[in-house]
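Shown next: query.txt, containing compact mmCIF, C-alpha atoms and all ligand atoms.
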# COMPACT_ATOMS: atom_id res chain seq x y z
CA MET T 1 29.80 -76.52 104.83
CA LYS T 2 28.21 -74.59 107.66
CA LEU T 3 24.46 -74.15 107.55
CA PRO T 4 22.22 -72.05 109.74
CA ASP T 5 20.57 -74.25 112.35
CA ASN T 6 16.80 -74.55 112.72
CA LYS T 7 16.63 -71.86 115.38
CA ILE T 8 18.33 -69.34 113.10
CA LYS T 9 16.22 -70.44 110.14
CA SER T 10 12.90 -69.97 111.92
CA PHE T 11 14.05 -66.66 113.42
CA VAL T 12 14.98 -65.32 109.98
CA GLU T 13 11.77 -66.63 108.41
CA ASN T 14 9.83 -64.85 111.12
CA ILE T 15 11.63 -61.55 110.43
CA GLN T 16 11.02 -61.98 106.71
CA SER T 17 7.31 -62.53 107.24
CA GLN T 18 7.03 -59.02 108.73
CA ARG T 19 7.71 -56.36 106.13
CA GLU T 20 8.06 -53.58 108.69
CA LYS T 21 11.05 -55.26 110.36
CA ASN T 22 14.37 -53.49 109.80
CA VAL T 23 17.54 -55.36 108.92
CA VAL T 24 20.93 -53.63 109.23
CA ILE T 25 24.04 -55.27 107.82
CA VAL T 26 27.48 -54.28 109.09
CA PRO T 27 30.71 -55.23 107.27
CA HIS T 28 34.05 -54.80 109.02
CA VAL T 29 36.08 -51.59 109.16
CA ASN T 30 38.02 -50.95 105.94
CA PRO T 31 35.77 -53.44 104.17
CA ASP T 32 37.24 -55.72 101.51
CA GLY T 33 35.66 -57.64 98.64
CA ASP T 34 34.32 -60.36 100.89
CA ALA T 35 32.86 -57.97 103.47
CA ILE T 36 31.09 -55.90 100.79
CA GLY T 37 30.22 -58.93 98.61
CA ALA T 38 28.65 -60.77 101.55
CA SER T 39 26.87 -57.60 102.75
CA MET T 40 25.48 -56.76 99.29
CA ALA T 41 24.28 -60.34 98.79
CA LEU T 42 22.48 -60.14 102.15
CA TYR T 43 21.12 -56.71 101.19
CA HIS T 44 19.68 -57.96 97.89
CA TYR T 45 18.21 -60.95 99.73
CA PHE T 46 16.60 -59.09 102.63
CA SER T 47 15.48 -56.01 100.70
CA ALA T 48 13.02 -58.25 98.85
CA THR T 49 11.13 -58.83 102.10
CA ASN T 50 12.22 -56.15 104.59
CA LYS T 51 13.60 -52.67 105.04
CA CYS T 52 17.30 -53.21 104.75
CA SER T 53 20.46 -51.07 105.10
CA VAL T 54 24.18 -51.67 104.88
CA ILE T 55 26.20 -49.48 107.25
CA ALA T 56 29.98 -49.68 106.97
CA PRO T 57 32.24 -48.36 109.76
CA SER T 58 34.46 -46.72 107.10
CA SER T 59 34.47 -46.15 103.35
CA SER T 60 34.34 -48.93 100.76
CA PRO T 61 37.16 -49.41 98.26
CA GLU T 62 36.69 -47.82 94.81
CA PHE T 63 37.11 -51.15 93.00
CA LEU T 64 33.78 -52.36 94.41
CA LYS T 65 31.68 -49.30 93.60
CA TRP T 66 30.47 -50.77 90.27
CA MET T 67 28.46 -53.40 92.14
CA PRO T 68 24.68 -53.12 91.55
CA GLN T 69 23.10 -50.83 94.15
CA SER T 70 26.37 -50.49 96.05
CA GLU T 71 25.50 -46.79 96.45
CA ILE T 72 23.17 -47.88 99.26
CA VAL T 73 26.21 -48.74 101.44
CA LEU T 74 26.39 -45.96 104.01
CA ASP T 75 29.80 -44.91 105.31
CA TYR T 76 29.24 -44.18 109.01
CA GLN T 77 32.05 -41.60 108.99
CA GLU T 78 30.15 -39.55 106.38
CA ASN T 79 26.56 -40.09 107.60
CA LYS T 80 26.68 -40.37 111.39
CA GLU T 81 23.20 -39.00 112.10
CA SER T 82 21.30 -40.97 109.48
CA CYS T 83 23.20 -44.16 110.38
CA GLU T 84 22.35 -43.69 114.06
CA ALA T 85 18.68 -43.17 113.14
CA ILE T 86 18.72 -46.42 111.15
CA PHE T 87 20.35 -48.31 114.02
CA SER T 88 17.73 -47.00 116.45
CA LYS T 89 15.02 -48.75 114.40
CA ALA T 90 16.94 -51.98 113.78
CA ASP T 91 15.27 -55.31 114.56
CA LEU T 92 18.08 -57.48 113.23
CA ILE T 93 21.76 -56.53 112.95
CA ILE T 94 23.90 -58.84 110.84
CA ILE T 95 27.64 -58.73 111.54
CA ALA T 96 29.32 -59.73 108.28
CA ASP T 97 32.86 -61.02 107.75
CA HIS T 98 34.20 -60.22 111.21
CA ASN T 99 33.94 -61.88 114.59
CA ALA T 100 35.34 -59.42 117.13
CA ALA T 101 33.50 -56.30 118.28
CA ASN T 102 36.46 -53.96 117.68
CA ARG T 103 36.40 -54.91 113.97
CA SER T 104 33.12 -52.98 113.77
CA GLY T 105 35.31 -49.88 114.22
CA ASP T 106 33.42 -46.79 115.39
CA LEU T 107 30.14 -48.75 115.25
CA GLU T 108 31.24 -51.00 118.13
CA LEU T 109 29.38 -49.14 120.89
CA LEU T 110 26.32 -48.37 118.77
CA ILE T 111 25.96 -52.09 118.15
CA ALA T 112 26.76 -53.11 121.74
CA ASN T 113 24.08 -50.74 123.08
CA ASN T 114 21.49 -51.74 120.51
CA SER T 115 18.63 -53.99 121.58
CA ALA T 116 18.16 -55.58 118.12
CA ILE T 117 18.80 -59.30 117.70
CA LYS T 118 22.34 -59.83 116.42
CA LEU T 119 23.45 -62.48 113.97
CA MET T 120 27.10 -62.94 113.03
CA ILE T 121 28.12 -64.61 109.75
CA ASP T 122 31.87 -65.06 109.56
CA HIS T 123 34.75 -67.39 108.69
CA HIS T 124 37.60 -66.15 110.92
CA PRO T 125 38.95 -68.25 113.80
CA GLU T 126 38.19 -67.64 117.48
CA PRO T 127 34.92 -65.70 117.38
CA SER T 128 34.41 -63.38 120.34
CA TYR T 129 31.61 -61.07 119.15
CA PRO T 130 28.74 -61.10 121.66
CA VAL T 131 25.76 -61.99 119.45
CA ASP T 132 22.47 -63.85 119.76
CA TYR T 133 23.10 -66.14 116.80
CA GLN T 134 26.24 -67.04 114.96
CA ILE T 135 27.14 -68.84 111.77
CA SER T 136 30.88 -69.25 112.21
CA CYS T 137 33.04 -71.63 110.22
CA THR T 138 36.72 -71.42 109.26
CA LYS T 139 36.50 -74.26 106.74
CA VAL T 140 35.06 -72.12 103.97
CA SER T 141 36.72 -69.77 101.51
CA SER T 142 34.85 -66.68 102.57
CA THR T 143 31.91 -65.17 104.39
CA ALA T 144 30.25 -64.92 100.97
CA GLU T 145 30.26 -68.73 100.82
CA LEU T 146 28.47 -68.81 104.19
CA VAL T 147 25.95 -66.29 102.87
CA PHE T 148 25.31 -68.60 99.92
CA ASN T 149 24.61 -71.49 102.32
CA PHE T 150 22.45 -69.21 104.48
CA ILE T 151 20.19 -68.16 101.60
CA ASN T 152 20.27 -71.61 100.04
CA THR T 153 19.01 -73.16 103.28
CA ILE T 154 16.32 -70.59 104.01
CA ASN T 155 14.96 -69.90 100.54
CA PRO T 156 16.87 -71.34 97.55
CA GLN T 157 14.26 -69.89 95.16
CA SER T 158 15.27 -66.35 96.07
CA PHE T 159 18.69 -66.26 94.35
CA THR T 160 18.96 -63.46 91.80
CA ILE T 161 21.84 -62.55 89.53
CA ASP T 162 22.68 -59.62 91.85
CA ILE T 163 22.88 -61.94 94.87
CA ALA T 164 24.95 -64.44 92.89
CA SER T 165 27.32 -61.78 91.54
CA ALA T 166 27.88 -60.29 95.01
CA ILE T 167 28.65 -63.74 96.43
CA TYR T 168 31.05 -64.36 93.56
CA VAL T 169 32.88 -61.08 94.32
CA GLY T 170 33.37 -62.25 97.93
CA ILE T 171 34.63 -65.70 97.00
CA MET T 172 36.85 -64.46 94.16
CA THR T 173 38.52 -61.73 96.22
CA ASP T 174 38.99 -63.76 99.44
CA THR T 175 40.61 -66.63 97.50
CA GLY T 176 42.83 -64.37 95.36
CA ASN T 177 40.91 -65.52 92.29
CA PHE T 178 40.78 -69.16 93.49
CA MET T 179 44.44 -69.43 94.46
CA HIS T 180 44.09 -70.06 98.20
CA ASN T 181 41.53 -71.12 100.81
CA VAL T 182 39.54 -72.96 98.16
CA GLN T 183 37.53 -75.96 99.37
CA PRO T 184 35.66 -78.56 97.32
CA ASP T 185 32.40 -76.85 98.30
CA THR T 186 33.73 -73.53 96.99
CA PHE T 187 33.63 -74.84 93.44
CA LYS T 188 30.25 -76.49 93.98
CA ILE T 189 28.89 -73.11 95.01
CA VAL T 190 30.61 -71.32 92.14
CA SER T 191 29.07 -73.80 89.69
CA GLN T 192 25.64 -72.81 91.02
CA LEU T 193 26.52 -69.12 90.69
CA ILE T 194 27.55 -69.68 87.07
CA ALA T 195 24.24 -71.48 86.49
CA LEU T 196 22.59 -68.23 87.65
CA ASN T 197 24.30 -66.51 84.69
CA ILE T 198 26.82 -64.34 86.51
CA ASP T 199 29.33 -62.70 84.17
CA ARG T 200 32.62 -63.99 85.57
CA GLU T 201 34.85 -62.23 83.05
CA GLN T 202 33.19 -58.89 83.60
CA ILE T 203 33.35 -59.26 87.41
CA TYR T 204 37.05 -60.16 87.21
CA ASP T 205 37.73 -57.21 84.92
CA LYS T 206 35.86 -54.74 87.12
CA VAL T 207 37.52 -55.89 90.34
CA PHE T 208 41.09 -56.62 89.27
CA ASN T 209 41.64 -54.40 86.22
CA ASN T 210 40.47 -51.28 87.91
CA TYR T 211 43.62 -49.70 89.26
CA SER T 212 44.70 -46.09 89.10
CA VAL T 213 47.97 -44.97 87.55
CA ASP T 214 49.09 -43.91 91.05
CA ARG T 215 48.47 -47.38 92.41
CA MET T 216 50.40 -49.01 89.59
CA ARG T 217 53.35 -46.65 90.14
CA LEU T 218 53.25 -47.21 93.93
CA MET T 219 53.37 -50.95 93.31
CA GLY T 220 56.37 -50.54 91.01
CA TYR T 221 58.10 -48.37 93.59
CA ALA T 222 57.40 -50.80 96.42
CA LEU T 223 58.66 -53.83 94.50
CA SER T 224 61.70 -52.04 93.12
CA LYS T 225 62.84 -49.92 96.08
CA LYS T 226 61.09 -51.13 99.22
CA MET T 227 61.22 -54.92 99.12
CA MET T 228 63.69 -56.60 101.43
CA ILE T 229 64.53 -60.23 100.74
CA LEU T 230 65.68 -62.44 103.62
CA LYS T 231 66.79 -65.37 101.53
CA ASP T 232 67.72 -67.68 104.40
CA LEU T 233 64.29 -67.19 105.92
CA GLY T 234 62.42 -67.53 102.64
CA THR T 235 60.89 -64.16 103.45
CA ALA T 236 60.15 -60.92 101.63
CA ILE T 237 59.16 -57.72 103.44
CA LEU T 238 57.58 -54.71 101.76
CA TYR T 239 57.63 -51.52 103.84
CA LEU T 240 56.09 -48.16 103.04
CA ASP T 241 55.89 -45.11 105.24
CA LYS T 242 53.33 -42.32 105.25
CA ASN T 243 55.39 -39.93 103.11
CA GLU T 244 55.87 -42.54 100.41
CA LEU T 245 52.17 -43.32 100.32
CA GLU T 246 51.37 -39.61 100.09
CA GLU T 247 53.85 -39.19 97.25
CA PHE T 248 51.75 -41.65 95.24
CA ASN T 249 48.41 -40.07 96.31
CA TYR T 250 47.53 -43.17 98.32
CA LYS T 251 43.85 -44.04 98.53
CA ILE T 252 42.28 -46.79 100.60
CA GLY T 253 42.66 -50.10 98.80
CA ASP T 254 45.70 -49.04 96.77
CA THR T 255 48.02 -51.50 98.53
CA GLU T 256 45.47 -54.33 98.32
CA GLY T 257 47.22 -57.40 96.93
CA PHE T 258 50.78 -56.03 97.27
CA VAL T 259 51.59 -58.51 100.03
CA ASN T 260 50.83 -61.50 97.81
CA MET T 261 53.23 -60.47 95.05
CA PRO T 262 56.57 -61.53 96.58
CA LEU T 263 55.17 -65.06 97.00
CA ALA T 264 55.67 -65.37 93.24
CA ILE T 265 59.45 -65.33 93.83
CA LYS T 266 61.11 -68.76 93.85
CA GLY T 267 62.03 -69.72 97.41
CA ILE T 268 59.84 -67.09 99.08
CA ASN T 269 57.26 -68.67 101.39
CA ILE T 270 56.55 -65.73 103.66
CA SER T 271 55.63 -62.20 102.63
CA ILE T 272 54.92 -59.31 104.96
CA LEU T 273 53.74 -55.77 104.20
CA ILE T 274 54.42 -53.00 106.70
CA MET T 275 52.77 -49.64 106.13
CA GLU T 276 51.79 -46.58 108.07
CA ARG T 277 48.12 -45.77 108.02
CA ASP T 278 45.99 -43.47 110.17
CA GLY T 279 49.05 -42.81 112.34
CA VAL T 280 49.57 -46.50 113.12
CA VAL T 281 51.87 -49.09 111.59
CA LYS T 282 49.74 -51.86 110.08
CA MET T 283 50.99 -55.20 108.87
CA SER T 284 49.76 -57.91 106.53
CA PHE T 285 51.22 -61.40 106.70
CA ARG T 286 51.06 -64.09 104.04
CA SER T 287 52.64 -67.54 103.90
CA LYS T 288 52.53 -70.66 101.83
CA GLY T 289 51.74 -74.22 102.84
CA ALA T 290 52.36 -75.26 106.44
CA VAL T 291 53.99 -71.98 107.56
CA ALA T 292 51.52 -70.68 110.18
CA ILE T 293 52.34 -66.98 109.93
CA ASN T 294 49.35 -66.01 112.10
CA THR T 295 51.33 -67.22 115.14
CA ILE T 296 53.87 -64.42 114.56
CA ALA T 297 51.12 -61.84 113.94
CA LYS T 298 49.38 -62.84 117.15
CA LYS T 299 52.37 -63.25 119.44
CA TYR T 300 54.33 -60.13 118.48
CA PHE T 301 52.10 -57.73 116.54
CA ASN T 302 48.69 -57.48 118.26
CA GLY T 303 47.02 -59.36 115.48
CA GLY T 304 46.00 -62.74 114.15
CA GLY T 305 43.95 -64.32 111.41
CA HIS T 306 44.18 -67.34 109.19
CA MET T 307 47.20 -69.65 109.06
CA ASN T 308 48.38 -68.28 105.70
CA ALA T 309 46.86 -64.80 105.84
CA ALA T 310 46.92 -62.62 108.92
CA GLY T 311 47.07 -59.00 110.01
CA GLY T 312 48.74 -57.11 112.80
CA MET T 313 49.76 -53.67 114.02
CA GLU T 314 52.53 -51.94 115.90
CA PRO T 315 51.28 -48.94 117.87
CA ASP T 316 54.58 -47.66 119.27
CA LEU T 317 57.10 -47.89 116.45
CA SER T 318 57.77 -46.30 113.07
CA VAL T 319 57.78 -48.33 109.86
CA ASP T 320 61.58 -48.58 109.90
CA GLN T 321 61.65 -49.56 113.59
CA THR T 322 58.95 -52.17 112.95
CA LEU T 323 61.07 -53.57 110.14
CA VAL T 324 64.03 -53.98 112.53
CA LYS T 325 61.82 -55.62 115.16
CA LEU T 326 60.25 -57.93 112.60
CA ILE T 327 63.59 -59.11 111.20
CA GLU T 328 64.78 -59.86 114.73
CA ILE T 329 61.63 -61.84 115.50
CA LEU T 330 61.81 -63.81 112.25
CA LYS T 331 65.43 -64.70 113.01
CA GLN T 332 64.51 -65.81 116.53
CA ASN T 333 61.72 -67.94 115.12
CA ALA T 334 63.73 -69.32 112.20
CA ASN T 335 63.55 -72.83 113.61
CA LEU T 336 59.81 -72.61 114.11
CA LEU T 337 59.26 -71.30 110.60
CA ASP T 338 61.61 -73.94 109.25
CA GLU T 339 59.89 -76.79 111.04
CA LEU T 340 56.55 -75.67 109.71
CA LYS T 341 57.78 -75.66 106.10
MN MN M 1 36.49 -62.75 104.45
Turn this file's structure into C-alpha cells for me.
Amino acid sequence: MKLPDNKIKSFVENIQSQREKNVVIVPHVNPDGDAIGASMALYHYFSATNKCSVIAPSSSPEFLKWMPQSEIVLDYQENKESCEAIFSKADLIIIADHNAANRSGDLELLIANNSAIKLMIDHHPEPSYPVDYQISCTKVSSTAELVFNFINTINPQSFTIDIASAIYVGIMTDTGNFMHNVQPDTFKIVSQLIALNIDREQIYDKVFNNYSVDRMRLMGYALSKKMMILKDLGTAILYLDKNELEEFNYKIGDTEGFVNMPLAIKGINISILIMERDGVVKMSFRSKGAVAINTIAKKYFNGGGHMNAAGGMEPDLSVDQTLVKLIEILKQNANLLDELK
C-alpha cells in the first residue's frame, strides 16, 4: 500500500487551506474507467475545499457518463480555449493514471510549460513524468486504489458516497471486475467503500451492461470472423481494420474488453487485439500467469505496460501486415513464452 509521504501531505493540506487555489486533474489520453474514476474521486475530494477542474486530453467513454458530475470533465479537443484559461490559473496539476508525459496527449506541452506544482498518482511501471511529487506504486490494482490511500491519509473524514463510487469504478474496471491485479489491500479498500454505502450492483450494471447494439455486433463479428488461433503458441489474435470498425459505427470504447475474451478459451494464455485507430495500428496485449507479454509489446511494438496487460503500436504497417509481423515474432519467441508459462 503506497501512501503519500509527509511532504506531500503537508503540501496538499496547505493547498486545501486556501480556497482560492486552483487544482487541475488530468487523466490520460483516451481515458478508461480507472483514469476517470480516479480523476472524479479527486475532483469530488478537492472541490470541497478548492476550485477544481478535470481536463482530459480526449473524450471520455460513454459508459462512464452516468457518473455523478462527470459532465464537469472537459475534453480538451472540444474546449481548447477554456481549458487553456484554466491551466493558466492552475496552482496544482494532478497527473492521474499515467506516468509518461506523452500519455497526456495534446496536453503534454501545456503541462510541461506550466509553473503549477505537479503531483503524479499512478500505478504503471517505470515512471518518467517530470513532476514535483509522485505517488507511484505498481503493487496496487489501480490508480483509484492509490487515490483511496491518498484521501484516507490526508483526511479520512472527507469520504463521500460520490468519492467512494468513483474509486470503486476505477478498481472494478482496472481489475476486470476483480479478476486480475487484485491484491489483499484491494479487498480491504473495497470493504470500506461498501461501508460507505456504494451501490455495487448499480455501478456494475451501468458500466458493464451499457453497450450499444453496434458494439455487440462488432464483438460477434470479431470473435466469429477475425480471431486467429495459434494453438501451439496458446495465443489468440483479434484484428480489425478501419473499414470494419466503420461498418459497425465504431465509437471510442467499443472494443474495450474484446482482448480479454479469448482468454476464456481452454489453452489460450495470450490474447492480442490489433486495430486501426486514428490512422495508426494500435495493439492491446493480455496474458495469463507468468507469461510476461509486456516484454513483446516493449521490444517490438513501441509499447509496454504491466506483465499481463500491455499496449503497443505499429506506425508503419497496416493491420494485416502487423498481424504477419506479430505471428513471426511470437514464433521466434516461442521458447521465451513457453519458459514463462
Ligand atoms: Mn489504471
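Interatomic distance, atom CA of Pro125 of chain T against atom CA of Leu64 of chain T: 25.6 Å.
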| query | Any idea what's packed within 7 Å of Asp241 of chain T, counting only C-alpha atoms, ignoring anything in its chain fewer than 2 positions away? Could you give it as a ChimeraX atom specification? | reply | /T:239,243-245,275-276,319
Closest contacts (segment 145-185 of chain T/segment 202-216 of chain T, max 12 Å, only C-alpha atoms) as a Markdown table:
| residue | atom | partner | partner_atom | distance |
| --- | --- | --- | --- | --- |
| T:Asp162 | CA | T:Ile203 | CA | 11.6 |
| T:Ala164 | CA | T:Ile203 | CA | 11.3 |
| T:Ser165 | CA | T:Ile203 | CA | 7.7 |
| T:Ala166 | CA | T:Ile203 | CA | 9.4 |
| T:Ile167 | CA | T:Ile203 | CA | 11.1 |
| T:Tyr168 | CA | T:Ile203 | CA | 8.3 |
| T:Val169 | CA | T:Ile203 | CA | 7.2 |
| T:Gly170 | CA | T:Val207 | CA | 10.7 |
| T:Ile171 | CA | T:Tyr204 | CA | 11.5 |
| T:Met172 | CA | T:Tyr204 | CA | 8.2 |
| T:Thr173 | CA | T:Val207 | CA | 8.3 |
| T:Gly176 | CA | T:Phe208 | CA | 10.0 |
| T:Asn177 | CA | T:Tyr204 | CA | 8.3 |
| T:Phe178 | CA | T:Tyr204 | CA | 11.6 |
| message | At a cut-off of 10 Å around ligand MN 1 (chain M), and using only C-alpha atoms and all ligand atoms, what residues come up? Please write them as a ChimeraX atom specification. | response | /T:27-28,31-38,96-98,122-124,138,140-145,170-171,173-175
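The interatomic distance for the pair atom CA of Leu119 of chain T and atom CA of Val12 of chain T works out to 9.8 Å.
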| Nearest to Asn155 of chain T, chosen from T:Asp316, T:Glu20, T:Asp278, T:Glu13, with only C-alpha atoms counted in the distances | T:Glu13
| said: Rounded to one decimal, what separation in Å do you get between atom CA of Val26 of chain T and atom CA of Lys188 of chain T? | reply: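 Value for the atom CA of Val26 of chain T-atom CA of Lys188 of chain T distance: 27.0 Å.
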| query | With only C-alpha atoms as the atoms that count, which of T:Phe301, T:Phe46, T:Tyr129, T:Tyr250 lies nearest to Phe150 of chain T? | reply |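 With only C-alpha atoms as the atom set, the closest residue is T:Phe46.
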| Distance criterion (all atoms listed in the file): nearest to Lys325 of chain T out of T:Ala290, T:Leu146, T:Ile296, T:Val182 | T:Ile296
| request: Rank T:Asp185, T:Asp106, T:Asp320, T:Asp254 by their smallest atom-to-atom distance to Phe63 of chain T, using only C-alpha atoms, and report the top residue only. | output: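 Comparing T:Asp185, T:Asp106, T:Asp320, T:Asp254 against Phe63 of chain T, the winner is T:Asp254.
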| said: What's around Ile8 of chain T at 9 Å? Count only C-alpha atoms, leave out sequence neighbours fewer than 6 positions away in its own chain, and write the answer as an NGL selection string. | reply: :T and (119 or 133-135)
Mind working out the centre and edge lengths of an axis-aligned box for segment 18-24 of chain T, all listed atoms inside, 4 Å added to each side, rounded to one decimal in Å and written as lines of an AutoDock Vina configuration file?
center_x = 14.0
center_y = -56.3
center_z = 108.2
size_x = 21.9
size_y = 13.5
size_z = 12.2
| said: Which polymer residues, whether protein, DNA or RNA, lie within 12 Å of the coordinate (23.6, -55.5, 113.7) when you count only C-alpha atoms? List them as an MDAnalysis selection string, using the chain letters and numbers from the file. | reply: chainID T and resid 22:28 39 52:57 83:84 86:96 98 101 104 107:121 129:134
| message | Just want the 9 Å neighbourhood of segment 230-234 of chain T, counted on only C-alpha atoms, with same-chain residues fewer than 2 positions away dropped. Output as a list of chain:residue names. | response |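 Contacts, in chain order: T:Met228, T:Ala236, T:Ile237, T:Lys266, T:Gly267, T:Ile268, T:Asn269, T:Ile270, T:Ser271, T:Ile327, T:Leu330, T:Lys331, T:Ala334, T:Leu337, T:Asp338.
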| Could you tell me, as a PyMOL selection string, which residues have any atom at most 10 Å from (24.7, -74.0, 108.4), counting all atoms listed in the file? | chain T and resi 1-6+8-9+134-137+146-147+149-150+152-153
